[in-house]
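**Student:** To start, I am sharing the structure in question, which I have written as structure tokens.
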Amino acid sequence: MKPAFSVSGKVTDEDNQPLPGVSVAIKGTTQGVTTDASGNFKITVPGNSAVLVFKLIGFMQQEVTVTSGTELKVQMKKDTKSLEEVVVVGYGSQKRAKVTGAVSSVSGKTLASLPVGGIEALQGRIAGLTVTSNGSPGTGAIISLRGISSVNYGSDPLYIVDGYPGSLTGVDIKDIQSIDVLKDASAAAIYGSRGTNGVIIITTKKGNNNSRTEVTIDSYYGIQNVIKKYDLLNTQQYLQYERALNGSAGIALPPRLQPENFNKPIYAGSSQTFAQTNTNWQDAYFRSNAPIQQHNVALSGGNAVTRFYTSANYFDQQGIAQGLSAYHKAIRVNADHTISKILSFGETFNATVNHQLYGVDAGNRTAITNVVRMQPYLPVYNPNNAGGFMGPQNSFDGSDPTNPVEAANLINNTNHGFTIHGNAYATLKFASWLNFKSIYGIDYGTNKNNTYTPIYNDGGTSSSPTAVINYTRGSSTTQLFSQQLTFDKTFGNKHHVNAVVVYEAQSSRGDNQVSTGNQNTNTVKTLNGATNLFTNFTYGTNLLVSEVARLGYDFEGKYLISGSIRRDGLSVFAPGHKHESFPAASLGWKVDQEDFMKGLKSVSSLKLRAGYGVTGINGTVLGNYPYLQPISSNIATYPFNGSLADLGNASFYSGLSNPNLSWETTKQTNIGLDLGLFQDAFTLAAEVYTRKTDNLLLTVPTPPSFGFNGAGTLANVGSMRNRGFEITLGYHKTKGEFKYDITGNFSLNRNKVLTLNTANASITAGGDADYGGGNPLTNTVVGQPVQSFYGLIVDGIFQNAAEVSNSPTQTGAAPGDIKFKDVNHDGVINDADRTFIGSYLPKFTYSLNYSASYKNFDAVVFFQGVYGNKIFNAERIILEGMPRLFNAGTNVLNAWTPTNTGTNVPRAFSGDPNGNKRPSTRWIESGSYLRVKNMQIGYNFPTSWLRAKTDNALNRLRIYVASTNLLTFTKYKGLDPEIGSRNGTLTNGIDYGQYPQPRVVQLGLQATF
């Protein structure tokens, strides 16, 4: 036999560009290699000759016979059939061309190119998917798909990670292979009672068979800064404003501001007086150049039997304000093993640690509200006070805000979580068209929430005579058992049938313990030896059991039909209401496959789609026993024998149970079109949909005569509709040295509440004494969009007493006050004149992504925006409302006076007798914005140069600079137009002083060894 010999060569595509990652194997063996970043390979061939097999996804397989150690040049051709994109659709996958539902996808390559730490990377990437920032580091974004489907409960979609329904905890963006979003009910109904808000399916990386082991590093470091600040009064302006506000109401100068006190030192031992102090509280609270960093190291590869991917990730973000930060650490191990033609198995494992240092808020009064309100003549620090800070004295300073720097530094609020997730599967392939897959997964998590307030006294409004300790401990365990049988066969080259049947059970159990107490020293920070001890423990379980079936058929890949049904049984509902069925059906027509289309060479693909389905809301959001009213025990007394002298402990129900409670259900119709022109250089996807949600879960008031003090009962009594349109356009230039891709998304949604428990029912929310005197800011009623803003309509400013007298009666009004519109024309301005004054829901959202590469350079510019939504700028009530003395914005210096009548700021008058601060159109602003969300420029070092300089150790090196939130174009007067929700689901779009998104500048590195 001839001795072994070596064969080397280079593999290129049809444009003579090198192809890395091509599998080069000796036919009939498991021996093989892969091409490097330059397309080169070298393999040892035993014996006299061999056949080399060249494989790469998206290209036609090639075989080359070799008999000697020659230098090969192999040019591979694209395989248009294999290039058909495969999407995950739930319990399986389909070629994009055969999908009949509304399914959108984002590749892991796109996500990995963004220097973003979490699911926020999806913002603007998928038409109809809304991602809204909702606070400081570690606070999850608000994600919704195709509008709002529930009044009282969130609109978060269901997340499926590698087949496991759960959360995004532990999922690093850099580890994701692809994300597929099931938007309509015909696609999402396969997940039944959890599919109303859409389904986001995440597939993580698994490595490649017959590939060399690679180490990849993806790392960036950046700095963050606040984009915008308010114009606040300085000390001299504050003195002017105080006299305008208090002087007009006949209120004397606060003692602190009287000369004998104002010229005193700010504290004993200081030479600086209050009169000399001019604290910029925004500069004191916000931080400059707050660091943000993320580092991911991954190891991947495989042989003919096993492929693997393992990674370690670290993410750390310090807040742009004091006392705020979050970090995340995670490891992941994924592997698949092909034991034989019949048996394969695999596993995914990840462990995650999350830690968050979060802010201190009292109700809706945020730290930024206190930043605005703090008097500029007060210093931040006072070393003579316990804790080292200084605060105002209400009786001495005339107002009582909280020192925001003090709260951020003294009060320690932490959230610490640990999650471990494992998922294992085994697949038996009985035939090429029939396989069985069994999955077991477990998710275990613990969470510790600690709040610690030390002994301190700032000499003013804030103090704590004892240290206050609060511990909350929780743990949860979720297990999944899923058995799946899949049939996939083509009959006579024309009839293709795909069928899936599934039996699945997912159980959850959780416990929670709360312990509180006080210490008389700051040295001991535990509850050991504490006083006023209190502890409470709760425990709960739930179980979801499901049977699923889906059948798909297509004729010649031209006419497509699919149907599914899922029957869910959920333990949280009452007997007789635990089970519900969720059917769906869809049709598709591949018009481009028709004979009459063959002459239209410019049309590379054209498909029409239509679908209908029924989905439900995840019932576990209601708790484990929502149809039952708990017993309130031992918190009342009962006079035995009719005597107050003979009292005993008593228990009672706090409301009525509802044994008929059931799921909210959504019926959705979707019509779609997919178009590709000029070999899919131009692509279009368009969707029109209608979603109607019935059996809305609302709290129905109980009559006072029932004795429940107004407590309501949860019931299925309402309905709501969403209608919308989505379109995605793209142009892709993939040939030549200069390549680029332009993709744009546009979506609109119209929401309407159809029914509530009664025709005249209303659900109000958002009221707060600090923000409008406690009147509600939103109202949900029949005929309006959910959670519409609610208040009076401003009709100008009274200029003189005659105008006040000749206008509808407005109690407390005087020249310089806001004139409100008499909506009901009864001649009196009161609550009956409140009306709907705007919606937080945008008229449409849009985005545009441009990515390009030329030789070794690449660039990305990503624009994202919304149009037509309104924001209730409640923080402007703090800045300009002038109800009583606090610091304020400089606009109050332009308040109406008899000599300054050409202004839209009403008179300054302490006590606000006219109620100028009331919820009204005065505080409603446009929330439209266009944001340069991400801009990035990168350079890829030449592969040949890298390999030569590193002895073939380094295959790829890219460095880049990037900026997130670089520019924002908006008319909104607040710090950030992207406003989430606070303290409930019905306060979206209300700015209570929300933590703003920072501008970030990053430097990154990506390398492959």
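How things are named: the first chain in the structure tokens is A, the next is B, and so on; residues count from 1 in each chain; ligands count from 1 in the order shown.
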Show me, as a PyMOL selection string, the residues that have an atom within 9 Å of A:Asn749 when counting only C-alpha atoms, minus same-chain residues fewer than 4 positions from it.
**Tutor:** chain A and resi 128+146-147+722-726+841-844
**Student:** Save the residues we just selected, all heavy atoms, as a short mmCIF file (atom, residue, chain, number, x, y, z; two decimals), in the first residue's frame?
**Tutor:**
```cif
data_model
loop_
_atom_site.label_atom_id
_atom_site.label_comp_id
_atom_site.auth_asym_id
_atom_site.auth_seq_id
_atom_site.Cartn_x
_atom_site.Cartn_y
_atom_site.Cartn_z
N GLY A 128 -43.58 45.38 14.73
CA GLY A 128 -44.62 45.00 15.67
C GLY A 128 -44.12 44.68 17.05
O GLY A 128 -44.92 44.59 17.99
N ARG A 146 -47.44 43.56 19.06
CA ARG A 146 -48.75 43.88 18.47
C ARG A 146 -49.72 44.46 19.50
O ARG A 146 -50.88 44.06 19.59
CB ARG A 146 -49.33 42.67 17.77
CG ARG A 146 -48.54 42.24 16.54
CD ARG A 146 -49.21 41.15 15.74
NE ARG A 146 -48.59 41.02 14.42
CZ ARG A 146 -49.00 40.19 13.47
NH1 ARG A 146 -50.03 39.39 13.71
NH2 ARG A 146 -48.40 40.15 12.30
N GLY A 147 -49.24 45.40 20.29
CA GLY A 147 -50.12 46.13 21.17
C GLY A 147 -50.31 45.50 22.53
O GLY A 147 -49.58 44.60 22.94
N ASN A 722 -57.21 44.93 19.08
CA ASN A 722 -56.04 45.56 18.46
C ASN A 722 -56.08 45.27 16.97
O ASN A 722 -56.27 44.12 16.56
CB ASN A 722 -54.74 44.99 19.05
CG ASN A 722 -54.48 45.47 20.46
OD1 ASN A 722 -53.92 46.53 20.67
ND2 ASN A 722 -54.89 44.67 21.45
N ARG A 723 -55.89 46.31 16.18
CA ARG A 723 -55.76 46.15 14.73
C ARG A 723 -54.46 46.78 14.28
O ARG A 723 -54.06 47.81 14.84
CB ARG A 723 -56.93 46.82 13.99
CG ARG A 723 -58.25 46.10 14.14
CD ARG A 723 -59.36 46.88 13.48
NE ARG A 723 -60.62 46.15 13.46
CZ ARG A 723 -61.78 46.67 13.12
NH1 ARG A 723 -61.85 47.96 12.79
NH2 ARG A 723 -62.88 45.94 13.12
N GLY A 724 -53.81 46.18 13.30
CA GLY A 724 -52.53 46.76 12.92
C GLY A 724 -52.04 46.34 11.56
O GLY A 724 -52.62 45.47 10.89
N PHE A 725 -50.95 47.00 11.19
CA PHE A 725 -50.29 46.76 9.91
C PHE A 725 -48.79 46.81 10.13
O PHE A 725 -48.30 47.67 10.89
CB PHE A 725 -50.72 47.82 8.89
CG PHE A 725 -49.92 47.80 7.60
CD1 PHE A 725 -50.13 46.80 6.67
CD2 PHE A 725 -48.97 48.77 7.35
CE1 PHE A 725 -49.39 46.77 5.49
CE2 PHE A 725 -48.24 48.75 6.17
CZ PHE A 725 -48.45 47.76 5.23
N GLU A 726 -48.05 45.91 9.48
CA GLU A 726 -46.59 45.87 9.61
C GLU A 726 -45.97 45.66 8.24
O GLU A 726 -46.53 44.94 7.40
CB GLU A 726 -46.16 44.71 10.53
CG GLU A 726 -46.73 44.76 11.92
CD GLU A 726 -46.67 43.44 12.63
OE1 GLU A 726 -46.23 42.43 12.01
OE2 GLU A 726 -47.07 43.38 13.81
N LEU A 841 -49.94 55.24 23.41
CA LEU A 841 -49.72 54.35 22.28
C LEU A 841 -49.36 55.16 21.04
O LEU A 841 -50.09 56.07 20.66
CB LEU A 841 -50.96 53.51 22.01
CG LEU A 841 -51.36 52.55 23.14
CD1 LEU A 841 -52.74 51.97 22.88
CD2 LEU A 841 -50.33 51.43 23.28
N PRO A 842 -48.26 54.85 20.37
CA PRO A 842 -47.86 55.62 19.19
C PRO A 842 -48.75 55.32 17.99
O PRO A 842 -49.35 54.24 17.89
CB PRO A 842 -46.42 55.17 18.94
CG PRO A 842 -46.35 53.80 19.52
CD PRO A 842 -47.27 53.80 20.71
N LYS A 843 -48.80 56.29 17.07
CA LYS A 843 -49.52 56.04 15.82
C LYS A 843 -48.75 55.04 14.96
O LYS A 843 -49.34 54.24 14.26
CB LYS A 843 -49.73 57.36 15.08
CG LYS A 843 -50.70 58.29 15.78
CD LYS A 843 -50.92 59.58 14.99
CE LYS A 843 -51.94 60.48 15.70
NZ LYS A 843 -52.14 61.77 14.99
N PHE A 844 -47.42 55.12 15.02
CA PHE A 844 -46.61 54.10 14.36
C PHE A 844 -45.20 54.12 14.93
O PHE A 844 -44.76 55.11 15.53
CB PHE A 844 -46.60 54.25 12.84
CG PHE A 844 -46.05 55.55 12.32
CD1 PHE A 844 -44.68 55.76 12.17
CD2 PHE A 844 -46.91 56.58 11.96
CE1 PHE A 844 -44.17 56.96 11.68
CE2 PHE A 844 -46.42 57.78 11.46
CZ PHE A 844 -45.04 57.97 11.33
#
```
**Student:** Quick one: residues within 12 Å of A:Asn952, only C-alpha atoms, excluding same-chain residues fewer than 2 positions away - as a ChimeraX atom specification?
**Tutor:** /A:36-38,40,943-950,954-956,1008-1009
**Student:** Next, write the just-selected residues to a file, as a short mmCIF file (atom, residue, chain, number, x, y, z; two decimals), in the first residue's frame, keeping N, CA and C atoms as the atom set.
**Tutor:**
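New file again-v4.cif:
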```
data_model
loop_
_atom_site.label_atom_id
_atom_site.label_comp_id
_atom_site.auth_asym_id
_atom_site.auth_seq_id
_atom_site.Cartn_x
_atom_site.Cartn_y
_atom_site.Cartn_z
N ASP A 36 -9.53 27.23 7.16
CA ASP A 36 -9.31 28.34 8.08
C ASP A 36 -9.94 29.61 7.54
N ALA A 37 -9.67 30.73 8.18
CA ALA A 37 -10.29 32.00 7.79
C ALA A 37 -9.92 32.42 6.37
N SER A 38 -8.80 31.88 5.84
CA SER A 38 -8.39 32.22 4.47
C SER A 38 -8.83 31.17 3.46
N ASN A 40 -7.99 28.03 3.54
CA ASN A 40 -6.95 27.01 3.35
C ASN A 40 -7.23 25.79 4.21
N THR A 943 -6.47 38.52 7.34
CA THR A 943 -6.25 37.20 7.90
C THR A 943 -4.84 36.70 7.66
N SER A 944 -4.35 36.89 6.44
CA SER A 944 -3.00 36.40 6.12
C SER A 944 -1.95 37.09 6.99
N TRP A 945 -2.12 38.37 7.24
CA TRP A 945 -1.18 39.11 8.09
C TRP A 945 -1.24 38.61 9.52
N LEU A 946 -2.48 38.36 10.02
CA LEU A 946 -2.64 37.87 11.38
C LEU A 946 -1.97 36.52 11.56
N ARG A 947 -2.22 35.61 10.62
CA ARG A 947 -1.66 34.26 10.75
C ARG A 947 -0.15 34.28 10.67
N ALA A 948 0.37 35.17 9.82
CA ALA A 948 1.83 35.25 9.70
C ALA A 948 2.45 35.81 10.98
N LYS A 949 1.80 36.78 11.60
CA LYS A 949 2.34 37.42 12.79
C LYS A 949 2.14 36.59 14.06
N THR A 950 1.20 35.65 14.03
CA THR A 950 0.88 34.90 15.24
C THR A 950 1.14 33.41 15.10
N LEU A 954 -3.92 33.12 15.45
CA LEU A 954 -5.03 34.08 15.42
C LEU A 954 -5.61 34.13 14.01
N ASN A 955 -6.89 33.79 13.88
CA ASN A 955 -7.55 33.76 12.57
C ASN A 955 -8.35 35.02 12.27
N ARG A 956 -8.81 35.70 13.32
CA ARG A 956 -9.65 36.88 13.09
C ARG A 956 -9.42 37.87 14.22
N THR A 1008 -10.78 35.58 17.06
CA THR A 1008 -10.97 34.14 16.95
C THR A 1008 -9.60 33.47 16.85
N PHE A 1009 -9.37 32.47 17.69
CA PHE A 1009 -8.12 31.72 17.70
C PHE A 1009 -8.36 30.30 17.18
#
```
**Student:** Taking only C-alpha atoms into account, produce a table as CSV in which each residue of stretch 623-688 of chain A with an atom at most 12 Å from an atom of stretch 170-185 of chain A appears once, together with its shortest atom pair and the distance in Å to one decimal, ordered by chain and rising number.
**Tutor:**
```
residue,atom,partner,partner_atom,distance
A:Thr665,CA,A:Ala185,CA,10.9
A:Thr666,CA,A:Ala185,CA,8.2
A:Lys667,CA,A:Ala185,CA,7.3
A:Gln668,CA,A:Ala185,CA,5.6
A:Thr669,CA,A:Ala185,CA,7.4
A:Asn670,CA,A:Asp184,CA,6.5
A:Ile671,CA,A:Asp184,CA,9.6
A:Gly672,CA,A:Asp184,CA,10.3
A:Glu687,CA,A:Asp184,CA,9.6
A:Val688,CA,A:Asp184,CA,10.1
```
**Student:** As a list in words, please: every residue in stretch 791-849 of chain A that DSSP puts in strand (DSSP E or B).
**Tutor:**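 For stretch 791-849 of chain A, the strand (DSSP E or B) set is Gly791, Leu792, Val794, Asp795, Gly796, Ile797, Thr809, Ile818, Lys819, Phe820, Val828, Thr835, Phe836, Ile837, Gly838, Phe844, Thr845, Tyr846, Ser847, Leu848 and Asn849 of chain A.
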**Student:** Using only C-alpha atoms, what table do you get, as CSV, when you list each residue of stretch 152-217 of chain A with an atom no more than 12 Å from stretch 550-560 of chain A, its nearest pair of atoms, and their distance in Å rounded to one decimal, rows by chain then rising number?
**Tutor:**
```
residue,atom,partner,partner_atom,distance
A:Ser186,CA,A:Arg550,CA,10.9
A:Ala187,CA,A:Arg550,CA,10.6
A:Ala188,CA,A:Arg550,CA,11.9
A:Ala189,CA,A:Arg550,CA,10.2
A:Ile190,CA,A:Arg550,CA,7.7
A:Tyr191,CA,A:Arg550,CA,11.3
```
**Student:** Atoms to include: N, CA, C and O atoms. Write the selected residues as a short mmCIF file (atom, residue, chain, number, x, y, z; two decimals), in the first residue's frame.
**Tutor:**
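Result written to again21.cif:
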```cif
data_model
loop_
_atom_site.label_atom_id
_atom_site.label_comp_id
_atom_site.auth_asym_id
_atom_site.auth_seq_id
_atom_site.Cartn_x
_atom_site.Cartn_y
_atom_site.Cartn_z
N SER A 186 -51.90 32.02 14.48
CA SER A 186 -51.75 30.78 13.74
C SER A 186 -50.39 30.15 14.00
O SER A 186 -50.23 28.94 13.91
N ALA A 187 -49.39 30.97 14.33
CA ALA A 187 -48.07 30.46 14.67
C ALA A 187 -47.94 30.21 16.16
O ALA A 187 -47.37 29.21 16.60
N ALA A 188 -48.47 31.15 16.99
CA ALA A 188 -48.26 31.08 18.43
C ALA A 188 -49.23 30.14 19.14
O ALA A 188 -48.98 29.76 20.28
N ALA A 189 -50.34 29.76 18.49
CA ALA A 189 -51.34 28.92 19.16
C ALA A 189 -50.80 27.55 19.52
O ALA A 189 -51.39 26.85 20.35
N ILE A 190 -49.67 27.15 18.93
CA ILE A 190 -49.05 25.89 19.31
C ILE A 190 -48.63 25.92 20.78
O ILE A 190 -48.44 24.88 21.40
N TYR A 191 -48.51 27.15 21.35
CA TYR A 191 -48.22 27.30 22.77
C TYR A 191 -49.45 27.69 23.58
O TYR A 191 -49.34 28.06 24.75
#
```
**Student:** List the spatial neighbours of A:Pro998 as a ChimeraX atom specification - criterion: any atom at most 7 Å away, only C-alpha atoms, same-chain residues fewer than 6 positions off excluded.
**Tutor:** /A:224-227,965
**Student:** Provide the atom CA of A:Lys735 to atom CA of A:Val860 distance in Å, to one decimal place.
**Tutor:** 18.0 Å
**Student:** Can you work out which one of A:Ala335, A:Met390, A:Ala127, A:Ala765 has the shortest atom-to-atom distance to A:Ala424, counting only C-alpha atoms?
**Tutor:**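 Closest to A:Ala424, using only C-alpha atoms: A:Ala335.
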**Student:** Mind running stretch 653-700 of chain A against stretch 600-610 of chain A at 10 Å and telling me each contacting residue's nearest atom pair with the distance in Å (one decimal), counting only C-alpha atoms, chain and number ascending, as CSV?
**Tutor:**
```
residue,atom,partner,partner_atom,distance
A:Thr669,CA,A:Ala610,CA,7.6
A:Asn670,CA,A:Ala610,CA,5.6
A:Ile671,CA,A:Ala610,CA,4.3
A:Gly672,CA,A:Arg609,CA,4.8
A:Leu673,CA,A:Leu608,CA,4.7
A:Asp674,CA,A:Lys607,CA,5.1
A:Leu675,CA,A:Leu606,CA,4.5
A:Gly676,CA,A:Ser605,CA,4.7
A:Leu677,CA,A:Val603,CA,4.6
A:Phe678,CA,A:Ser602,CA,4.8
A:Gln679,CA,A:Ser604,CA,5.2
A:Asp680,CA,A:Ser604,CA,6.1
A:Ala681,CA,A:Ser604,CA,9.1
A:Phe682,CA,A:Ser604,CA,9.5
A:Thr683,CA,A:Ser605,CA,8.9
A:Leu684,CA,A:Leu606,CA,9.5
A:Ala685,CA,A:Lys607,CA,9.5
A:Ala686,CA,A:Leu608,CA,9.8
A:Glu687,CA,A:Arg609,CA,9.0
A:Val688,CA,A:Ala610,CA,9.5
A:Tyr689,CA,A:Ala610,CA,9.7
```
**Student:** Taking N, CA, C and O atoms for each residue, export the selection above as a tab-separated table (two decimals), in the first residue's frame.
**Tutor:**
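File produced: result.tsv:
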```tsv
chain	number	residue	atom	x	y	z
A	669	THR	N	-56.71	37.17	13.54
A	669	THR	CA	-56.66	36.90	12.10
A	669	THR	C	-55.50	37.66	11.51
A	669	THR	O	-55.27	38.83	11.84
A	670	ASN	N	-54.75	37.00	10.63
A	670	ASN	CA	-53.56	37.62	10.03
A	670	ASN	C	-53.53	37.32	8.54
A	670	ASN	O	-53.77	36.19	8.10
A	671	ILE	N	-53.24	38.34	7.74
A	671	ILE	CA	-53.03	38.18	6.30
A	671	ILE	C	-51.67	38.74	5.96
A	671	ILE	O	-51.34	39.88	6.37
A	672	GLY	N	-50.86	37.97	5.25
A	672	GLY	CA	-49.49	38.40	4.99
A	672	GLY	C	-49.07	38.18	3.55
A	672	GLY	O	-49.66	37.40	2.80
A	673	LEU	N	-48.01	38.91	3.19
A	673	LEU	CA	-47.42	38.80	1.85
A	673	LEU	C	-45.90	38.84	1.99
A	673	LEU	O	-45.35	39.68	2.72
A	674	ASP	N	-45.21	37.93	1.30
A	674	ASP	CA	-43.75	37.91	1.24
A	674	ASP	C	-43.33	38.04	-0.22
A	674	ASP	O	-43.81	37.29	-1.08
A	675	LEU	N	-42.42	38.97	-0.50
A	675	LEU	CA	-42.01	39.23	-1.87
A	675	LEU	C	-40.50	39.37	-1.94
A	675	LEU	O	-39.88	40.04	-1.10
A	676	GLY	N	-39.91	38.74	-2.92
A	676	GLY	CA	-38.50	38.90	-3.19
A	676	GLY	C	-38.29	39.22	-4.67
A	676	GLY	O	-38.90	38.59	-5.54
A	677	LEU	N	-37.46	40.21	-4.97
A	677	LEU	CA	-37.20	40.62	-6.35
A	677	LEU	C	-35.70	40.54	-6.64
A	677	LEU	O	-34.87	40.78	-5.74
A	678	PHE	N	-35.38	40.20	-7.89
A	678	PHE	CA	-34.00	40.19	-8.38
A	678	PHE	C	-33.12	39.32	-7.47
A	678	PHE	O	-32.16	39.78	-6.86
A	679	GLN	N	-33.49	38.03	-7.43
A	679	GLN	CA	-32.78	37.05	-6.61
A	679	GLN	C	-32.74	37.47	-5.14
A	679	GLN	O	-31.75	37.29	-4.43
A	680	ASP	N	-33.86	38.00	-4.69
A	680	ASP	CA	-34.04	38.44	-3.31
A	680	ASP	C	-33.10	39.56	-2.90
A	680	ASP	O	-32.83	39.76	-1.71
A	681	ALA	N	-32.61	40.31	-3.88
A	681	ALA	CA	-31.85	41.51	-3.54
A	681	ALA	C	-32.77	42.52	-2.86
A	681	ALA	O	-32.35	43.26	-1.97
A	682	PHE	N	-34.02	42.54	-3.27
A	682	PHE	CA	-35.04	43.37	-2.64
A	682	PHE	C	-36.07	42.45	-2.01
A	682	PHE	O	-36.57	41.52	-2.65
A	683	THR	N	-36.39	42.67	-0.74
A	683	THR	CA	-37.36	41.83	-0.03
A	683	THR	C	-38.41	42.70	0.65
A	683	THR	O	-38.14	43.84	1.06
A	684	LEU	N	-39.59	42.14	0.76
A	684	LEU	CA	-40.71	42.82	1.42
A	684	LEU	C	-41.54	41.79	2.16
A	684	LEU	O	-41.83	40.71	1.63
A	685	ALA	N	-41.93	42.11	3.37
A	685	ALA	CA	-42.88	41.30	4.14
A	685	ALA	C	-43.90	42.24	4.73
A	685	ALA	O	-43.55	43.23	5.38
A	686	ALA	N	-45.18	41.96	4.49
A	686	ALA	CA	-46.26	42.83	4.98
A	686	ALA	C	-47.30	41.99	5.69
A	686	ALA	O	-47.58	40.84	5.29
A	687	GLU	N	-47.87	42.55	6.77
A	687	GLU	CA	-48.88	41.86	7.57
A	687	GLU	C	-50.02	42.81	7.92
A	687	GLU	O	-49.79	43.98	8.22
A	688	VAL	N	-51.24	42.30	7.87
A	688	VAL	CA	-52.41	43.00	8.39
A	688	VAL	C	-53.09	42.06	9.37
A	688	VAL	O	-53.28	40.88	9.08
A	689	TYR	N	-53.43	42.58	10.56
A	689	TYR	CA	-53.98	41.67	11.58
A	689	TYR	C	-55.08	42.35	12.38
A	689	TYR	O	-55.16	43.57	12.47
```
**Student:** Quick check for you: according to DSSP on this backbone, which residues of stretch 399-456 of chain A are classed as alpha helix (DSSP H)? Reply as a PyMOL selection string.
**Tutor:** chain A and resi 404-410
